[in-house]
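Structure record follows, encoded as structure tokens.
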Amino acid sequence: MQVCVLGAGVVGLTSAYFLAKKGFEVTVIDRQPSVALETSFANAGQISPGYSAPWAAPGVPLKAIKWLMQKHAPLKISPDPEMKKLLWMGKMLSQCTEGAYNTNKSRMMALAEYSRDQFIALRKELGIRYDNGQGGTLQLFRKEEQVEAAAKDIKVLLALNVPHQMLTPEQIIEVEPGLAPVINKFKGGLRLTGDETGDCYLFCQSLKEHCDALGVSFQFNTDIQSLSVESGKIRGVVTQNGLQDFDHVLVCLGSYSKELLKACDIDIPVYPVKGYSLTVPVTDTQYAPVSTVMDETYKVAVTRLGERIRAAGTAELTGYNLELPKSRTETISHVVEDLFGQGCQLAEAEYWTGLRPMTPDGTPVVGATNVAGLYLNTGHGTLGWTMSCGSAAVIADIMVGNQTEVDSSDLSVKRYQ
């Protein structure tokens, strides 16, 4: 069976690999000249099942208003009255109840934990290396109310048997000694010991070689114009080179999936949420992070990737704008300077921006559509790297007709219909 995977980011590439392993003849099409050159290129570097949680949560509407007033705010909303943005925000606000939050977090964590297991299996099978580490994620709390609020997340962690540790400031230094000079700024921390780190771009470069060995075909520098559907069944994909016939098509185009699917009367509430990152060399290891720390106040993750530090954060609702103004990188720069300023030279930082494909409830869309032969694997938000191998394994099982190893019923596009 011939299957076309649209998109060569980490979600598309892992999907191509798992499909090829199941015996499909796979073709990957992407507009870029190589793999992982858009959202997957310089993300936060976290594989964080323990930190998987929807942005829509109780109290977020009030917090959002306060954030918009701050200089170093984790959220920015452009003032233009874009209808798609307003509709998406309305749907997200409807998910900010305790019941919806617990449901969404549970399903997200189940997929993310499964994905982490798939990463482990893939490393054993392929020996793949990508500046990967298994040092966990440490949430840092600057306020007592943040420590108290963590109790709700811990209930979900306990229910799902996710290993974790609540840490005092003294214990934080034992895990992340580079924070010793600034430890007085923190009231405590939550350590998620099963989380991992790694460079998504390096992973994708290496995985492509394994895809090549399995016979996966890549068409780069190719614009995807539309899907061809006849009598309720997928026929193929139209690019600038014309129509190509396929038995199945899997859409892994992140934020750009929504527009392509509209012509097929498939409406998924995926909106591009812009994020920023910086990458800077480590200059003094004793003042650098060991693994990942998440500053809960600023919602910025700082990760150690070999001899580099990667920091990423900010959620900006501004459509498909990919401009990189200095004013928008000030928050991530501030957090790196505040936490690990003695371990790096920010003057040498390289900055990047990308669009995360967010759903209102935080859960990705993985599964079949009402068009026979057309499948989706998109909408992972900030967790595309974390969930990539798991959602790839799930969609491969669905497409081959196998029972999935995790419950995929709540991942389907049907939940929006």
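Order determines the names: the first chain of the structure tokens is A, the second B, and so forth; residues in each chain are numbered 1 upward, and ligands are numbered 1 upward as they are shown.
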
Write out as a list in words each polymer residue whose atoms come within 12 Å of A:Glu230, counting only C-alpha atoms; drop sequence neighbours fewer than 6 positions from it. Gly236, Val237, Asp245, Cys264, Val371, Ala372, Gly373 and Leu374 of chain A

Could you make a table, as JSON lines, of the residues of stretch 30-139 of chain A that have an atom within 10 Å of an atom of stretch 4-16 of chain A, each with its nearest atom pair and distance in Å to one decimal, counting only C-alpha atoms, in chain and number order?
```
{"residue": "A:Asp30", "atom": "CA", "partner": "A:Gly7", "partner_atom": "CA", "distance": 5.0}
{"residue": "A:Arg31", "atom": "CA", "partner": "A:Gly7", "partner_atom": "CA", "distance": 8.0}
{"residue": "A:Gln32", "atom": "CA", "partner": "A:Ala8", "partner_atom": "CA", "distance": 8.3}
{"residue": "A:Pro33", "atom": "CA", "partner": "A:Ala8", "partner_atom": "CA", "distance": 9.9}
{"residue": "A:Ser34", "atom": "CA", "partner": "A:Ala8", "partner_atom": "CA", "distance": 7.6}
{"residue": "A:Val35", "atom": "CA", "partner": "A:Ala8", "partner_atom": "CA", "distance": 5.1}
{"residue": "A:Ala36", "atom": "CA", "partner": "A:Gly9", "partner_atom": "CA", "distance": 4.3}
{"residue": "A:Leu37", "atom": "CA", "partner": "A:Gly9", "partner_atom": "CA", "distance": 7.1}
{"residue": "A:Glu38", "atom": "CA", "partner": "A:Gly9", "partner_atom": "CA", "distance": 7.1}
{"residue": "A:Thr39", "atom": "CA", "partner": "A:Gly9", "partner_atom": "CA", "distance": 7.2}
{"residue": "A:Ser40", "atom": "CA", "partner": "A:Gly9", "partner_atom": "CA", "distance": 5.7}
{"residue": "A:Phe41", "atom": "CA", "partner": "A:Gly9", "partner_atom": "CA", "distance": 8.2}
```

Keeping only C-alpha atoms, write the selected residues to a file as an mmCIF file, in the first residue's frame.
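Generated output (part-v8.cif):
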```
data_model
loop_
_atom_site.group_PDB
_atom_site.id
_atom_site.type_symbol
_atom_site.label_atom_id
_atom_site.label_comp_id
_atom_site.auth_asym_id
_atom_site.auth_seq_id
_atom_site.Cartn_x
_atom_site.Cartn_y
_atom_site.Cartn_z
ATOM 1 C CA ASP A 30 7.690 18.824 2.278
ATOM 2 C CA ARG A 31 8.224 22.355 0.991
ATOM 3 C CA GLN A 32 11.567 22.694 2.768
ATOM 4 C CA PRO A 33 14.915 21.435 1.369
ATOM 5 C CA SER A 34 15.368 18.898 4.203
ATOM 6 C CA VAL A 35 13.799 17.509 7.378
ATOM 7 C CA ALA A 36 12.872 19.408 10.550
ATOM 8 C CA LEU A 37 13.432 22.941 9.255
ATOM 9 C CA GLU A 38 10.301 24.548 10.702
ATOM 10 C CA THR A 39 8.691 23.937 14.131
ATOM 11 C CA SER A 40 11.001 20.994 14.887
ATOM 12 C CA PHE A 41 14.217 22.896 14.235
#
```

I'd like to know which residues of stretch 5-221 of chain A are strand (DSSP E) (by DSSP, run on the backbone); could you write them as a PDB file with N, CA and C atoms, in the first residue's frame?
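Okay, this is what ended up in states-v7.pdb:
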```pdb
ATOM      1  N   VAL A   5       3.022  10.828   3.305  1.00  0.00           N
ATOM      2  CA  VAL A   5       3.070  11.606   4.545  1.00  0.00           C
ATOM      3  C   VAL A   5       3.371  13.049   4.176  1.00  0.00           C
ATOM      4  N   LEU A   6       2.483  13.946   4.537  1.00  0.00           N
ATOM      5  CA  LEU A   6       2.665  15.358   4.241  1.00  0.00           C
ATOM      6  C   LEU A   6       3.304  16.047   5.440  1.00  0.00           C
ATOM      7  N   GLU A  25       4.658   1.379   1.617  1.00  0.00           N
ATOM      8  CA  GLU A  25       5.554   2.096   0.707  1.00  0.00           C
ATOM      9  C   GLU A  25       5.316   3.584   0.931  1.00  0.00           C
ATOM     10  N   VAL A  26       6.289   4.257   1.521  1.00  0.00           N
ATOM     11  CA  VAL A  26       6.070   5.600   2.061  1.00  0.00           C
ATOM     12  C   VAL A  26       6.775   6.663   1.226  1.00  0.00           C
ATOM     13  N   THR A  27       6.041   7.752   0.942  1.00  0.00           N
ATOM     14  CA  THR A  27       6.595   8.948   0.323  1.00  0.00           C
ATOM     15  C   THR A  27       6.328  10.130   1.241  1.00  0.00           C
ATOM     16  N   VAL A  28       7.348  10.927   1.525  1.00  0.00           N
ATOM     17  CA  VAL A  28       7.209  12.119   2.365  1.00  0.00           C
ATOM     18  C   VAL A  28       7.372  13.349   1.478  1.00  0.00           C
ATOM     19  N   ILE A  29       6.445  14.289   1.581  1.00  0.00           N
ATOM     20  CA  ILE A  29       6.505  15.520   0.794  1.00  0.00           C
ATOM     21  C   ILE A  29       6.602  16.713   1.739  1.00  0.00           C
ATOM     22  N   GLN A  46      12.838  19.356  25.141  1.00  0.00           N
ATOM     23  CA  GLN A  46      12.248  18.527  26.199  1.00  0.00           C
ATOM     24  C   GLN A  46      11.458  17.359  25.620  1.00  0.00           C
ATOM     25  N   ILE A  47      11.657  16.187  26.173  1.00  0.00           N
ATOM     26  CA  ILE A  47      10.741  15.068  25.987  1.00  0.00           C
ATOM     27  C   ILE A  47      10.107  14.867  27.347  1.00  0.00           C
ATOM     28  N   LEU A  75       2.602  35.180  27.784  1.00  0.00           N
ATOM     29  CA  LEU A  75       1.564  35.223  26.765  1.00  0.00           C
ATOM     30  C   LEU A  75       1.515  36.592  26.100  1.00  0.00           C
ATOM     31  N   LYS A  76       1.420  36.570  24.773  1.00  0.00           N
ATOM     32  CA  LYS A  76       1.231  37.791  23.990  1.00  0.00           C
ATOM     33  C   LYS A  76       0.090  37.534  23.004  1.00  0.00           C
ATOM     34  N   ILE A  77      -0.802  38.509  22.874  1.00  0.00           N
ATOM     35  CA  ILE A  77      -1.904  38.410  21.922  1.00  0.00           C
ATOM     36  C   ILE A  77      -1.904  39.653  21.045  1.00  0.00           C
ATOM     37  N   THR A 137      12.847  16.569  34.322  1.00  0.00           N
ATOM     38  CA  THR A 137      12.444  17.983  34.255  1.00  0.00           C
ATOM     39  C   THR A 137      12.196  18.488  35.673  1.00  0.00           C
ATOM     40  N   LEU A 138      12.647  19.702  35.942  1.00  0.00           N
ATOM     41  CA  LEU A 138      12.461  20.313  37.254  1.00  0.00           C
ATOM     42  C   LEU A 138      11.664  21.602  37.101  1.00  0.00           C
ATOM     43  N   GLN A 139      10.433  21.608  37.617  1.00  0.00           N
ATOM     44  CA  GLN A 139       9.639  22.828  37.660  1.00  0.00           C
ATOM     45  C   GLN A 139      10.113  23.669  38.836  1.00  0.00           C
ATOM     46  N   LEU A 140      10.369  24.937  38.583  1.00  0.00           N
ATOM     47  CA  LEU A 140      10.836  25.842  39.627  1.00  0.00           C
ATOM     48  C   LEU A 140       9.721  26.795  40.030  1.00  0.00           C
ATOM     49  N   PHE A 141       9.459  26.864  41.323  1.00  0.00           N
ATOM     50  CA  PHE A 141       8.391  27.708  41.853  1.00  0.00           C
ATOM     51  C   PHE A 141       8.997  28.886  42.614  1.00  0.00           C
ATOM     52  N   GLN A 165       9.060  13.983  42.374  1.00  0.00           N
ATOM     53  CA  GLN A 165       9.577  14.350  43.692  1.00  0.00           C
ATOM     54  C   GLN A 165       9.287  15.822  43.945  1.00  0.00           C
ATOM     55  N   MET A 166       8.738  16.149  45.104  1.00  0.00           N
ATOM     56  CA  MET A 166       8.647  17.540  45.534  1.00  0.00           C
ATOM     57  C   MET A 166       9.949  17.881  46.251  1.00  0.00           C
ATOM     58  N   LEU A 167      10.554  18.992  45.874  1.00  0.00           N
ATOM     59  CA  LEU A 167      11.870  19.344  46.392  1.00  0.00           C
ATOM     60  C   LEU A 167      11.850  20.671  47.139  1.00  0.00           C
ATOM     61  N   GLY A 188      10.497  26.215  46.033  1.00  0.00           N
ATOM     62  CA  GLY A 188      10.460  24.765  45.919  1.00  0.00           C
ATOM     63  C   GLY A 188      10.441  24.343  44.466  1.00  0.00           C
ATOM     64  N   GLY A 189      10.320  23.048  44.261  1.00  0.00           N
ATOM     65  CA  GLY A 189      10.320  22.538  42.893  1.00  0.00           C
ATOM     66  C   GLY A 189       9.634  21.186  42.814  1.00  0.00           C
ATOM     67  N   LEU A 190       9.196  20.838  41.622  1.00  0.00           N
ATOM     68  CA  LEU A 190       8.607  19.532  41.341  1.00  0.00           C
ATOM     69  C   LEU A 190       9.456  18.877  40.267  1.00  0.00           C
ATOM     70  N   ARG A 191      10.072  17.752  40.630  1.00  0.00           N
ATOM     71  CA  ARG A 191      10.950  17.060  39.693  1.00  0.00           C
ATOM     72  C   ARG A 191      10.223  15.856  39.085  1.00  0.00           C
ATOM     73  N   LEU A 192      10.251  15.791  37.763  1.00  0.00           N
ATOM     74  CA  LEU A 192       9.640  14.701  37.011  1.00  0.00           C
ATOM     75  C   LEU A 192      10.778  13.838  36.483  1.00  0.00           C
ATOM     76  N   GLU A 196      12.913  13.280  29.612  1.00  0.00           N
ATOM     77  CA  GLU A 196      14.183  13.220  28.891  1.00  0.00           C
ATOM     78  C   GLU A 196      14.432  14.529  28.155  1.00  0.00           C
ATOM     79  N   THR A 197      15.624  14.630  27.581  1.00  0.00           N
ATOM     80  CA  THR A 197      15.992  15.801  26.792  1.00  0.00           C
ATOM     81  C   THR A 197      16.647  15.342  25.498  1.00  0.00           C
ATOM     82  N   SER A 217      10.736   7.357   0.426  1.00  0.00           N
ATOM     83  CA  SER A 217      11.081   8.333  -0.612  1.00  0.00           C
ATOM     84  C   SER A 217      10.756   9.742  -0.113  1.00  0.00           C
ATOM     85  N   PHE A 218      11.652  10.680  -0.358  1.00  0.00           N
ATOM     86  CA  PHE A 218      11.448  12.063   0.078  1.00  0.00           C
ATOM     87  C   PHE A 218      11.368  12.994  -1.126  1.00  0.00           C
ATOM     88  N   GLN A 219      10.360  13.855  -1.129  1.00  0.00           N
ATOM     89  CA  GLN A 219      10.232  14.910  -2.131  1.00  0.00           C
ATOM     90  C   GLN A 219      10.327  16.250  -1.410  1.00  0.00           C
TER      91      GLN A 219
END
```
